[in-house]
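The file work-v3.cif contains mmCIF, C-alpha atoms and all ligand atoms:
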data_target
loop_
_atom_site.label_atom_id
_atom_site.label_comp_id
_atom_site.auth_asym_id
_atom_site.auth_seq_id
_atom_site.Cartn_x
_atom_site.Cartn_y
_atom_site.Cartn_z
CA MET A 89 14.41 -13.98 -5.11
CA TYR A 90 15.51 -11.77 -7.96
CA SER A 91 19.14 -12.26 -8.88
CA LEU A 92 20.72 -9.71 -11.12
CA ASN A 93 22.93 -11.14 -13.83
CA LEU A 94 25.53 -8.36 -13.73
CA ASP A 95 29.12 -7.87 -12.55
CA THR A 96 28.21 -5.03 -10.20
CA ASN A 97 31.82 -4.00 -9.45
CA ALA A 98 32.61 -3.63 -13.15
CA PHE A 99 29.31 -1.83 -13.66
CA LEU A 100 30.07 0.65 -10.85
CA SER A 101 33.51 1.46 -12.16
CA ASP A 102 32.70 1.61 -15.89
CA TYR A 103 29.05 2.67 -16.29
CA TRP A 104 27.35 4.03 -13.14
CA GLN A 105 26.85 7.78 -13.59
CA LYS A 106 29.00 7.60 -16.73
CA LYS A 107 27.37 5.88 -19.70
CA PRO A 108 24.28 3.90 -20.62
CA LEU A 109 24.30 0.11 -20.74
CA LEU A 110 22.01 -2.53 -22.16
CA ILE A 111 21.92 -5.79 -20.18
CA LYS A 112 20.04 -8.47 -22.08
CA ASN A 113 18.55 -11.10 -19.79
CA ALA A 114 19.58 -9.18 -16.65
CA PHE A 115 16.92 -11.13 -14.72
CA PRO A 116 16.75 -14.67 -16.16
CA ASN A 117 13.22 -16.12 -15.79
CA PHE A 118 11.98 -12.73 -14.63
CA GLU A 119 8.80 -13.03 -12.58
CA GLU A 120 6.30 -10.21 -13.10
CA LEU A 121 6.19 -8.05 -9.96
CA ILE A 122 2.52 -7.17 -10.20
CA SER A 123 -0.35 -7.96 -12.57
CA PRO A 124 -1.78 -5.22 -14.82
CA ASP A 125 -5.11 -5.49 -12.93
CA GLU A 126 -3.47 -5.03 -9.55
CA LEU A 127 -1.49 -2.07 -10.86
CA ALA A 128 -4.63 -0.49 -12.31
CA GLY A 129 -6.33 -1.06 -8.93
CA LEU A 130 -3.50 0.65 -7.02
CA ALA A 131 -3.81 3.69 -9.29
CA CYS A 132 -7.41 4.07 -8.04
CA GLU A 133 -6.12 4.82 -4.53
CA GLU A 134 -5.93 8.44 -3.38
CA GLU A 135 -2.51 8.09 -1.67
CA VAL A 136 -0.82 6.47 -4.67
CA SER A 137 0.90 8.80 -7.14
CA SER A 138 -0.13 7.76 -10.67
CA ARG A 139 -0.64 9.23 -14.12
CA VAL A 140 -1.74 8.18 -17.58
CA VAL A 141 0.17 9.52 -20.54
CA VAL A 142 -1.85 9.54 -23.75
CA THR A 143 0.28 9.63 -26.91
CA LYS A 144 -1.13 11.91 -29.62
CA ASP A 145 0.22 12.46 -33.17
CA ASN A 146 2.67 15.17 -32.20
CA ASP A 147 1.79 15.75 -28.61
CA TRP A 148 1.17 14.08 -25.23
CA GLN A 149 -1.64 14.49 -22.75
CA ILE A 150 -1.14 13.72 -19.07
CA CYS A 151 -4.03 12.72 -16.78
CA GLN A 152 -3.18 12.57 -13.07
CA GLY A 153 -4.61 9.72 -10.96
CA PRO A 154 -6.44 8.44 -9.02
CA PHE A 155 -8.50 6.77 -11.75
CA GLU A 156 -11.97 5.28 -11.59
CA ASP A 157 -11.72 3.35 -14.82
CA TYR A 158 -9.60 3.21 -17.94
CA ASP A 159 -12.28 2.79 -20.64
CA GLN A 160 -11.85 6.40 -21.81
CA PHE A 161 -8.27 5.60 -22.91
CA GLY A 162 -9.18 2.86 -25.42
CA SER A 163 -6.94 -0.05 -26.37
CA SER A 164 -3.78 1.69 -27.62
CA HIS A 165 -1.53 4.78 -27.35
CA TRP A 166 -1.56 5.20 -23.62
CA GLN A 167 0.58 4.27 -20.65
CA LEU A 168 -0.21 4.08 -16.93
CA LEU A 169 2.68 5.01 -14.63
CA VAL A 170 2.55 4.32 -10.89
CA GLN A 171 5.26 5.83 -8.68
CA ALA A 172 6.62 4.36 -5.44
CA LEU A 173 5.17 0.89 -6.04
CA ASN A 174 7.57 -0.29 -3.33
CA HIS A 175 5.65 1.75 -0.73
CA TRP A 176 2.30 0.14 -1.47
CA TYR A 177 3.24 -3.31 -2.62
CA PRO A 178 5.44 -5.12 -0.07
CA ASP A 179 6.07 -8.03 -2.46
CA SER A 180 8.32 -5.74 -4.50
CA ALA A 181 10.91 -5.57 -1.65
CA ASN A 182 12.82 -8.61 -2.96
CA PHE A 183 13.23 -6.99 -6.34
CA ILE A 184 14.65 -3.80 -4.84
CA ASP A 185 17.13 -5.87 -2.82
CA ALA A 186 18.82 -6.77 -6.12
CA PHE A 187 19.77 -3.09 -6.52
CA ARG A 188 21.21 -2.52 -3.06
CA PHE A 189 24.75 -2.63 -4.46
CA ILE A 190 23.99 1.08 -4.82
CA PRO A 191 23.62 2.90 -1.48
CA ASP A 192 20.10 3.25 -0.07
CA TRP A 193 20.32 7.04 0.18
CA ARG A 194 20.46 7.33 -3.60
CA PHE A 195 17.34 5.26 -4.22
CA ASP A 196 14.20 7.21 -5.02
CA ASP A 197 11.47 4.78 -5.96
CA LEU A 198 10.28 1.85 -8.01
CA MET A 199 7.91 2.99 -10.74
CA ALA A 200 5.73 0.49 -12.57
CA SER A 201 4.27 1.02 -16.01
CA PHE A 202 1.51 -0.64 -17.97
CA ALA A 203 1.70 0.42 -21.61
CA THR A 204 -0.58 -0.31 -24.56
CA PRO A 205 0.78 -0.52 -28.14
CA GLY A 206 1.89 2.92 -29.33
CA GLY A 207 2.08 4.21 -25.75
CA GLY A 208 5.12 6.06 -24.42
CA VAL A 209 6.08 9.28 -22.69
CA GLY A 210 8.13 10.66 -25.61
CA ALA A 211 11.82 11.58 -25.94
CA HIS A 212 13.14 13.25 -22.79
CA ILE A 213 16.15 13.67 -20.51
CA ASP A 214 16.10 12.82 -16.79
CA ASN A 215 18.27 14.39 -14.10
CA TYR A 216 18.62 11.06 -12.39
CA ASP A 217 20.01 7.59 -12.98
CA VAL A 218 17.45 4.97 -13.90
CA PHE A 219 17.33 1.22 -14.53
CA ILE A 220 14.47 0.19 -16.81
CA ILE A 221 13.48 -3.46 -16.56
CA GLN A 222 11.14 -5.09 -19.04
CA GLY A 223 8.37 -7.38 -17.81
CA GLU A 224 5.73 -8.91 -20.13
CA GLY A 225 5.57 -7.52 -23.67
CA GLU A 226 8.06 -5.63 -25.82
CA ARG A 227 9.15 -2.03 -25.91
CA HIS A 228 11.50 -0.34 -28.37
CA TRP A 229 14.06 1.85 -26.61
CA THR A 230 16.48 4.37 -28.03
CA VAL A 231 19.13 6.24 -26.06
CA GLY A 232 21.14 9.14 -27.48
CA GLU A 233 24.44 10.82 -26.67
CA LYS A 234 24.57 13.27 -23.77
CA GLY A 235 24.17 16.89 -24.94
CA GLN A 236 21.92 19.86 -25.49
CA TYR A 237 18.67 19.12 -27.31
CA ALA A 238 15.95 21.47 -28.55
CA PRO A 239 12.62 21.34 -26.67
CA LYS A 240 9.78 19.60 -28.50
CA ASN A 241 7.88 21.99 -30.80
CA ASN A 242 10.12 24.83 -29.53
CA ASP A 243 8.01 24.91 -26.38
CA PRO A 244 10.27 26.07 -23.51
CA THR A 245 7.85 24.61 -20.89
CA THR A 246 7.82 21.03 -22.19
CA PRO A 247 10.01 18.32 -20.60
CA LEU A 248 10.11 16.61 -24.02
CA ILE A 249 12.83 17.10 -26.62
CA GLU A 250 13.08 16.83 -30.40
CA GLY A 251 14.68 13.68 -31.79
CA PHE A 252 18.21 12.42 -31.22
CA SER A 253 20.53 9.94 -32.95
CA PRO A 254 20.53 6.67 -31.05
CA ILE A 255 23.67 5.13 -29.60
CA ILE A 256 21.48 2.31 -28.23
CA ASP A 257 18.54 1.06 -30.28
CA VAL A 258 16.95 -2.09 -28.89
CA VAL A 259 13.72 -3.97 -28.35
CA LEU A 260 13.57 -4.88 -24.65
CA GLU A 261 12.08 -8.26 -23.86
CA LYS A 262 11.15 -9.87 -20.56
CA GLY A 263 14.06 -9.74 -18.08
CA ASP A 264 16.14 -7.27 -20.14
CA MET A 265 17.40 -4.11 -18.49
CA LEU A 266 18.63 -0.72 -19.63
CA TYR A 267 20.71 1.60 -17.45
CA ILE A 268 20.51 5.30 -18.30
CA PRO A 269 22.63 7.86 -16.40
CA PRO A 270 21.48 11.47 -15.94
CA GLY A 271 21.60 13.67 -19.05
CA TYR A 272 21.22 10.99 -21.75
CA PRO A 273 18.15 11.48 -23.98
CA HIS A 274 15.92 8.42 -24.25
CA GLN A 275 12.56 7.23 -25.46
CA GLY A 276 10.52 4.05 -25.02
CA GLN A 277 7.86 3.07 -27.54
CA THR A 278 5.50 0.21 -26.85
CA LEU A 279 5.28 -2.54 -29.46
CA THR A 280 2.99 -4.97 -27.64
CA THR A 281 1.04 -4.49 -24.40
CA ALA A 282 3.82 -4.29 -21.85
CA MET A 283 4.69 -4.09 -18.18
CA SER A 284 7.94 -2.37 -17.25
CA TYR A 285 9.65 -1.12 -14.13
CA SER A 286 11.97 1.80 -13.42
CA ILE A 287 14.34 1.86 -10.48
CA GLY A 288 14.96 5.58 -10.08
CA TYR A 289 17.65 7.40 -8.13
CA ARG A 290 18.20 10.94 -6.98
CA ALA A 291 20.98 13.12 -5.65
CA PRO A 292 20.80 16.50 -3.89
CA SER A 293 21.41 19.72 -5.81
CA GLN A 294 23.33 22.73 -4.45
CA GLN A 295 19.99 24.47 -4.03
CA GLU A 296 18.57 21.62 -1.92
CA LEU A 297 21.75 21.36 0.16
CA PHE A 298 21.88 25.10 0.83
CA SER A 299 18.24 25.28 1.75
CA ALA A 300 18.45 22.20 4.04
CA LEU A 301 21.58 23.61 5.72
CA ALA A 302 19.87 26.96 6.28
CA ASP A 303 16.79 25.25 7.77
CA ALA A 304 18.99 23.15 10.09
CA LEU A 305 20.91 26.23 11.30
CA ILE A 306 17.67 28.07 12.04
CA ASP A 307 16.17 25.04 13.84
CA THR A 308 19.22 24.65 16.08
CA ASN A 309 19.94 28.39 16.37
CA THR A 310 23.52 27.81 15.22
CA GLY A 311 25.68 29.39 12.53
CA LEU A 312 25.50 32.75 14.30
CA LYS A 313 29.12 33.78 13.75
CA ARG A 314 29.34 37.16 12.00
CA PHE A 315 31.76 38.63 9.54
CA THR A 316 34.55 40.76 11.01
CA SER A 317 37.44 42.49 9.23
CA THR A 318 40.84 43.92 10.00
CA SER A 319 40.99 46.33 7.06
CA GLU A 320 38.43 48.39 5.12
CA PRO A 321 38.45 49.45 1.44
CA THR A 322 39.44 53.05 0.73
CA ILE A 323 36.52 53.59 -1.68
CA ALA A 324 33.35 54.15 0.39
CA ASN A 325 30.88 52.57 -2.03
CA GLN A 326 32.98 49.44 -2.67
CA VAL A 327 32.69 45.95 -1.17
CA SER A 328 36.25 44.70 -1.49
CA VAL A 329 37.19 41.36 -2.98
CA SER A 330 38.68 40.27 0.33
CA HIS A 331 35.44 41.11 2.17
CA GLN A 332 33.42 39.20 -0.42
CA GLN A 333 35.73 36.19 -0.04
CA ASP A 334 35.77 36.33 3.76
CA MET A 335 31.96 36.41 3.88
CA MET A 336 31.70 33.37 1.64
CA ALA A 337 34.39 31.71 3.78
CA LEU A 338 31.90 31.80 6.67
CA ILE A 339 29.73 29.46 4.60
CA SER A 340 32.62 27.16 3.62
CA GLU A 341 33.54 26.99 7.32
CA LEU A 342 30.09 25.59 8.13
CA ALA A 343 30.16 23.35 5.08
CA SER A 344 33.43 21.78 6.19
CA ASP A 345 32.48 21.20 9.83
CA PRO A 346 30.84 17.77 10.21
CA GLU A 347 28.98 18.88 13.35
CA SER A 348 27.25 21.56 11.28
CA TYR A 349 26.30 19.44 8.29
CA GLN A 350 25.96 15.82 9.43
CA THR A 351 22.53 16.13 11.02
CA MET A 352 21.25 18.00 7.99
CA LEU A 353 22.61 15.36 5.58
CA GLY A 354 21.26 12.43 7.61
CA ASN A 355 17.83 14.02 7.90
CA MET A 356 17.65 15.05 4.27
CA LEU A 357 18.94 11.82 2.74
CA SER A 358 16.75 9.56 4.88
CA GLN A 359 13.59 11.36 3.80
CA ASN A 360 11.33 10.14 1.07
CA ARG A 361 9.81 12.11 -1.78
CA PHE A 362 6.71 9.89 -1.82
CA GLU A 363 4.22 9.22 0.95
CA LEU A 364 5.07 6.23 3.14
CA ASP A 365 2.42 3.64 3.99
CA LEU A 366 2.88 3.90 7.79
CA CYS A 367 1.75 0.88 9.71
CA GLU A 368 0.99 2.29 13.17
CA PRO A 369 -0.34 -0.36 15.57
CA GLU A 370 -3.81 0.16 17.03
CA GLN A 371 -2.32 -0.27 20.48
CA PRO A 372 1.34 0.59 21.16
CA TYR A 373 3.59 -2.45 21.51
CA THR A 374 5.20 -3.14 24.87
CA ALA A 375 8.39 -5.22 25.23
CA ASP A 376 6.29 -8.19 26.42
CA MET A 377 3.85 -7.98 23.51
CA LEU A 378 6.74 -7.79 21.05
CA LYS A 379 8.54 -10.79 22.58
CA GLU A 380 5.35 -12.84 22.59
CA ASP A 381 4.65 -12.16 18.90
CA ILE A 382 8.24 -13.01 17.97
CA GLU A 383 8.04 -16.24 19.96
CA GLN A 384 4.95 -17.11 17.95
CA GLY A 385 6.94 -16.75 14.73
CA ALA A 386 6.29 -13.15 13.61
CA GLN A 387 8.74 -11.53 11.20
CA LEU A 388 9.99 -8.03 11.92
CA CYS A 389 9.62 -6.03 8.69
CA ARG A 390 10.40 -2.53 7.56
CA ILE A 391 7.70 -0.68 5.60
CA GLY A 392 8.41 -0.19 1.89
CA GLY A 393 10.55 2.82 1.00
CA LEU A 394 11.75 3.51 4.56
CA LYS A 395 15.43 4.45 4.78
CA LEU A 396 17.59 3.74 7.82
CA LEU A 397 20.90 5.53 7.33
CA GLN A 398 24.10 5.79 9.29
CA LEU A 399 26.81 8.34 8.49
CA GLU A 400 30.38 7.16 8.35
CA ASN A 401 32.40 8.93 11.10
CA ASP A 402 29.26 10.41 12.58
CA SER A 403 29.89 12.74 15.52
CA LEU A 404 27.10 10.94 17.46
CA SER A 405 25.88 7.33 17.65
CA ARG A 406 22.60 7.53 15.79
CA VAL A 407 20.52 6.27 12.92
CA PHE A 408 18.51 8.52 10.63
CA VAL A 409 15.02 7.35 9.82
CA ASN A 410 12.62 9.28 7.61
CA GLY A 411 14.19 12.67 8.30
CA GLU A 412 14.79 12.17 12.02
CA ALA A 413 17.85 11.21 14.08
CA PHE A 414 17.49 8.43 16.66
CA VAL A 415 20.44 8.67 19.04
CA HIS A 416 21.47 5.41 20.73
CA PRO A 417 24.24 4.16 23.02
CA ALA A 418 27.48 3.42 21.14
CA SER A 419 27.30 -0.13 22.56
CA ILE A 420 24.46 -1.08 20.16
CA THR A 421 25.96 0.37 16.97
CA VAL A 422 26.47 -3.15 15.57
CA ASP A 423 22.79 -4.02 16.21
CA VAL A 424 21.68 -0.79 14.58
CA THR A 425 23.82 -1.56 11.54
CA ILE A 426 22.15 -4.98 11.30
CA LEU A 427 18.73 -3.33 11.67
CA ALA A 428 19.57 -0.80 8.97
CA ASN A 429 20.97 -3.35 6.57
CA SER A 430 18.07 -5.77 6.17
CA CYS A 431 14.45 -5.11 5.41
CA SER A 432 13.07 -8.08 7.35
CA PHE A 433 14.22 -10.34 10.18
CA ASP A 434 13.20 -13.86 11.03
CA PRO A 435 12.17 -14.59 14.65
CA GLU A 436 15.59 -16.00 15.55
CA LYS A 437 17.44 -12.90 14.34
CA THR A 438 14.90 -10.60 16.00
CA GLU A 439 15.26 -12.45 19.32
CA GLN A 440 19.03 -11.92 19.17
CA LEU A 441 18.54 -8.22 18.52
CA LEU A 442 16.06 -7.84 21.36
CA GLN A 443 18.57 -9.16 23.89
CA ASN A 444 20.11 -5.70 24.19
CA VAL A 445 17.63 -3.45 25.99
CA PRO A 446 18.56 -0.26 24.07
CA THR A 447 18.12 -2.17 20.78
CA GLN A 448 14.77 -3.45 21.99
CA ASP A 449 13.78 0.15 22.86
CA LEU A 450 14.73 1.34 19.39
CA VAL A 451 12.78 -1.51 17.74
CA LEU A 452 9.74 -0.67 19.90
CA THR A 453 9.98 3.01 18.95
CA LEU A 454 10.19 2.18 15.25
CA LEU A 455 7.30 -0.31 15.54
CA ASN A 456 5.10 2.16 17.41
CA ARG A 457 5.85 4.89 14.87
CA GLY A 458 4.61 2.57 12.12
CA TYR A 459 8.04 2.31 10.47
CA PHE A 460 8.28 -1.41 11.21
CA TYR A 461 5.53 -3.99 11.48
CA LEU A 462 5.20 -7.61 12.51
CA GLY A 463 4.25 -9.80 9.58
C1 LIG A 501 8.80 4.74 -19.40
O1 LIG A 501 8.70 3.62 -18.87
O2 LIG A 501 8.43 4.91 -20.57
C2 LIG A 501 9.31 5.91 -18.65
C3 LIG A 501 10.60 5.63 -17.99
C4 LIG A 501 11.63 6.70 -18.27
O3 LIG A 501 11.76 7.14 -19.38
O4 LIG A 501 12.38 7.10 -17.36
CO CO A 502 13.12 8.79 -18.51
#

If you convert what's in this file into structure tokens, what do you get?
Ligand code: SIN
Ligand code: CO
Amino acid sequence: MYSLNLDTNAFLSDYWQKKPLLIKNAFPNFEELISPDELAGLACEEEVSSRVVVTKDNDWQICQGPFEDYDQFGSSHWQLLVQALNHWYPDSANFIDAFRFIPDWRFDDLMASFATPGGGVGAHIDNYDVFIIQGEGERHWTVGEKGQYAPKNNDPTTPLIEGFSPIIDVVLEKGDMLYIPPGYPHQGQTLTTAMSYSIGYRAPSQQELFSALADALIDTNTGLKRFTSTSEPTIANQVSVSHQQDMMALISELASDPESYQTMLGNMLSQNRFELDLCEPEQPYTADMLKEDIEQGAQLCRIGGLKLLQLENDSLSRVFVNGEAFVHPASITVDVTILANSCSFDPEKTEQLLQNVPTQDLVLTLLNRGYFYLG
């Protein structure tokens, strides 16, 4: 169990998406999520997204994983970063639970870092909210005021920026946490060999929303209404302001009709940026096999990183899972909410859920797709 020492309601109203916050001792007696050796081992796997950032005098070098060994990097000035640890390391699920006071759709991934003294990615600005939690070791963090900053070495292609004046300047120790909203410059420098973790979030951009809406309209062959007009401009080569506005109103019409956008939003927001570690059974489960395993004490678990989302006031009874809508009878909406709210179920809870045949069917589908597994 990881319990977060934070007044989450006050945090949501005063800091979330607004301003950075340092929370000393956010996780009292913080237990390391993973050992450096295990993390290094994960970064040797093809499916796992990892990189090593080597800190040079005035520059950084990035080596993409997988890695065979780390000898080439020496004993200082480098940092190993492993994305989506929660997909590959089920033990991290408890830790992520502590952050579910923020809706699942916003969550991107848990990134783990192993850093040697002098290692760090350099000053930069992220588009997303992030919580940085310190494990073993110490790292010196600075966070600056939101604003425009010059790119490092005047290089327009670099994600790094020149320096900033800190509004937070702190050495993070085990169990401490830093919250950084989008747009605030920050930099972590490693003082002693350190493990740290980033809980990262994301939110769709206009570009992503437009493109997802267009794809959904094409897939369903909808949105076919055309522009019509009751008056024409007197100048032949002119597109009148009212025609321009009426054309764009066709888009706002779609964007304000839940039946046009809900499926797109559910699909998009339930998808994951990182590969999922699907757990497809060798032989598909039948209802009898499932019941037997549950009777023998198996836990029903969701694979790491999988999102089960429901839309408030949805026009259909359904749950969105990994970019797909699963429609179900309205009578099992409560079961589906229970299923979507927890990441694992003890045998007693699972037995209760399986009493409704449509719920049992949904569980079987999710199990046979590899989205759930029996542990
Ligand atoms: C780090 O751990 O140094 C990278 C995390 C971040 O800056 O977002
Ligand atoms: Co960052």

From the list A:Met89, A:Leu364, A:Val407, A:Ile220, which residue is nearest ligand LIG 501 (chain A) when using only C-alpha atoms and all ligand atoms?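 Residue with the minimum atom-to-atom distance to ligand LIG 501 (chain A): A:Ile220.
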
Counting only C-alpha atoms, the residue of A:Ser348, A:Gln440, A:Ser317, A:Ala211 that sits nearest A:Ser330: A:Ser317

Would you be able to write out as a compact mmCIF listing (two decimals) with C-alpha atoms, in the coordinates of the input which residues have an atom within 12 Å of (10.7, -6.9, -31.3) in the file's coordinates, counting all atoms listed in the file?
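So the final result, stored in part.txt, reads:
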# COMPACT_ATOMS: atom_id res chain seq x y z
CA GLY A 225 5.57 -7.52 -23.67
CA GLU A 226 8.06 -5.63 -25.82
CA ARG A 227 9.15 -2.03 -25.91
CA HIS A 228 11.50 -0.34 -28.37
CA TRP A 229 14.06 1.85 -26.61
CA ASP A 257 18.54 1.06 -30.28
CA VAL A 258 16.95 -2.09 -28.89
CA VAL A 259 13.72 -3.97 -28.35
CA LEU A 260 13.57 -4.88 -24.65
CA GLU A 261 12.08 -8.26 -23.86
CA LYS A 262 11.15 -9.87 -20.56
CA GLN A 277 7.86 3.07 -27.54
CA THR A 278 5.50 0.21 -26.85
CA LEU A 279 5.28 -2.54 -29.46
CA THR A 280 2.99 -4.97 -27.64
CA ALA A 282 3.82 -4.29 -21.85

Tell me which of A:Glu363, A:Asp376, A:Glu412, A:Glu135 sits closest to A:Leu397, counting all atoms listed in the file. A:Glu412

Applying 10 Å and only C-alpha atoms, which residues near stretch 418-421 of chain A remain after dropping the ones on its own chain fewer than 3 positions away? List them as a PyMOL selection string. chain A and resi 398+404-407+415+424-427+441+444-447

Around stretch 265-271 of chain A, with edges along x, y and z and 5 Å added on all six sides, what centre and edge lengths do you get, in Å to one decimal, as lines of an AutoDock Vina configuration file?
center_x = 20.0
center_y = 4.8
center_z = -17.8
size_x = 15.2
size_y = 27.8
size_z = 13.7

Counting only C-alpha atoms and all ligand atoms, give me one row per residue of chain A with an atom at most 7 Å from an atom of ligand LIG 501 (chain A), showing the shortest contact pair and its distance in Å to one decimal, sorted by chain then residue number, as JSON lines.
{"residue": "A:Ser201", "atom": "CA", "partner": "A:LIG501", "partner_atom": "O1", "distance": 5.9}
{"residue": "A:Gly208", "atom": "CA", "partner": "A:LIG501", "partner_atom": "O2", "distance": 5.2}
{"residue": "A:Val209", "atom": "CA", "partner": "A:LIG501", "partner_atom": "O2", "distance": 5.4}
{"residue": "A:Asp214", "atom": "CA", "partner": "A:LIG501", "partner_atom": "O4", "distance": 6.8}
{"residue": "A:Val218", "atom": "CA", "partner": "A:LIG501", "partner_atom": "O4", "distance": 6.5}
{"residue": "A:Ile220", "atom": "CA", "partner": "A:LIG501", "partner_atom": "C3", "distance": 6.8}
{"residue": "A:His274", "atom": "CA", "partner": "A:LIG501", "partner_atom": "O3", "distance": 6.5}
{"residue": "A:Gln275", "atom": "CA", "partner": "A:LIG501", "partner_atom": "O3", "distance": 6.1}
{"residue": "A:Gly276", "atom": "CA", "partner": "A:LIG501", "partner_atom": "O2", "distance": 5.0}
{"residue": "A:Ser284", "atom": "CA", "partner": "A:LIG501", "partner_atom": "O1", "distance": 6.3}
{"residue": "A:Tyr285", "atom": "CA", "partner": "A:LIG501", "partner_atom": "O1", "distance": 6.8}
{"residue": "A:Ser286", "atom": "CA", "partner": "A:LIG501", "partner_atom": "C3", "distance": 6.1}

For a quick check of understanding, using all atoms listed in the file, which of A:Pro191, A:Gly235, A:Gly385, A:Gly210 has the smallest distance to ligand CO 502 (chain A)?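 Using all atoms listed in the file, the shortest distance to ligand CO 502 (chain A) belongs to A:Gly210.
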
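In terms of minimum interatomic distance to A:Leu198, A:Gly392 ranks closest within A:Pro247, A:Gly392, A:Gly271, A:Gly232, counting all atoms listed in the file.
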
Return the single residue from A:Ala428, A:Leu353, A:Ile213, A:Cys132 that is closest to A:Lys240, with distances computed using all atoms listed in the file. A:Ile213

Point-to-point distance from atom CA of A:Arg361 to atom CA of A:Gln105, Å rounded to tenths: 21.2 Å

Would you pick out the contacts of A:Leu169 at 8 Å or less, using only C-alpha atoms, so that residues sharing its chain but fewer than 4 positions from it are not included, and give the list as a list in words?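 My reading of the contact set: Ser138, Arg139, Val140, Val141, Met199, Ala200, Ser201 and Phe202 of chain A.
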
For a test of reading the model, state the distance in Å between atom CA of A:Lys107 and atom CA of A:Ile268, rounded to one decimal.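 Between atom CA of A:Lys107 and atom CA of A:Ile268 the gap is 7.0 Å.
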
Hey, what's within 9 Å of A:Ile111 if we count all atoms listed in the file and toss same-chain stuff fewer than 6 positions away? As a list in words, please?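 Result of the neighbour search: Asn93, Leu94, Asp264, Met265, Leu266 and Tyr267 of chain A.
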
Could you check which residues have any atom within 6 Å of (4.0, 0.0, 12.1), counting all atoms listed in the file with coordinates taken straight from the file, and then list them as JSON, numbers by chain? {"A": [366, 367, 368, 369, 455, 456, 457, 458, 459, 460, 461]}

Polymer residues at most 8 Å from A:Ser164, only C-alpha atoms, same-chain spacing of 2 or more positions, as JSON, numbers by chain: {"A": [161, 162, 166, 204, 205, 206, 207]}

Residues at most 9 Å from A:Tyr349, counting all atoms listed in the file, excluding those fewer than 6 positions away in the same chain, as a PyMOL selection string? chain A and resi 301+304+342-343

For atom CA of A:Ala128 and atom CA of A:Gly153, the interatomic separation in Å (one decimal):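 About the pair atom CA of A:Ala128 and atom CA of A:Gly153: they are 10.3 Å apart.
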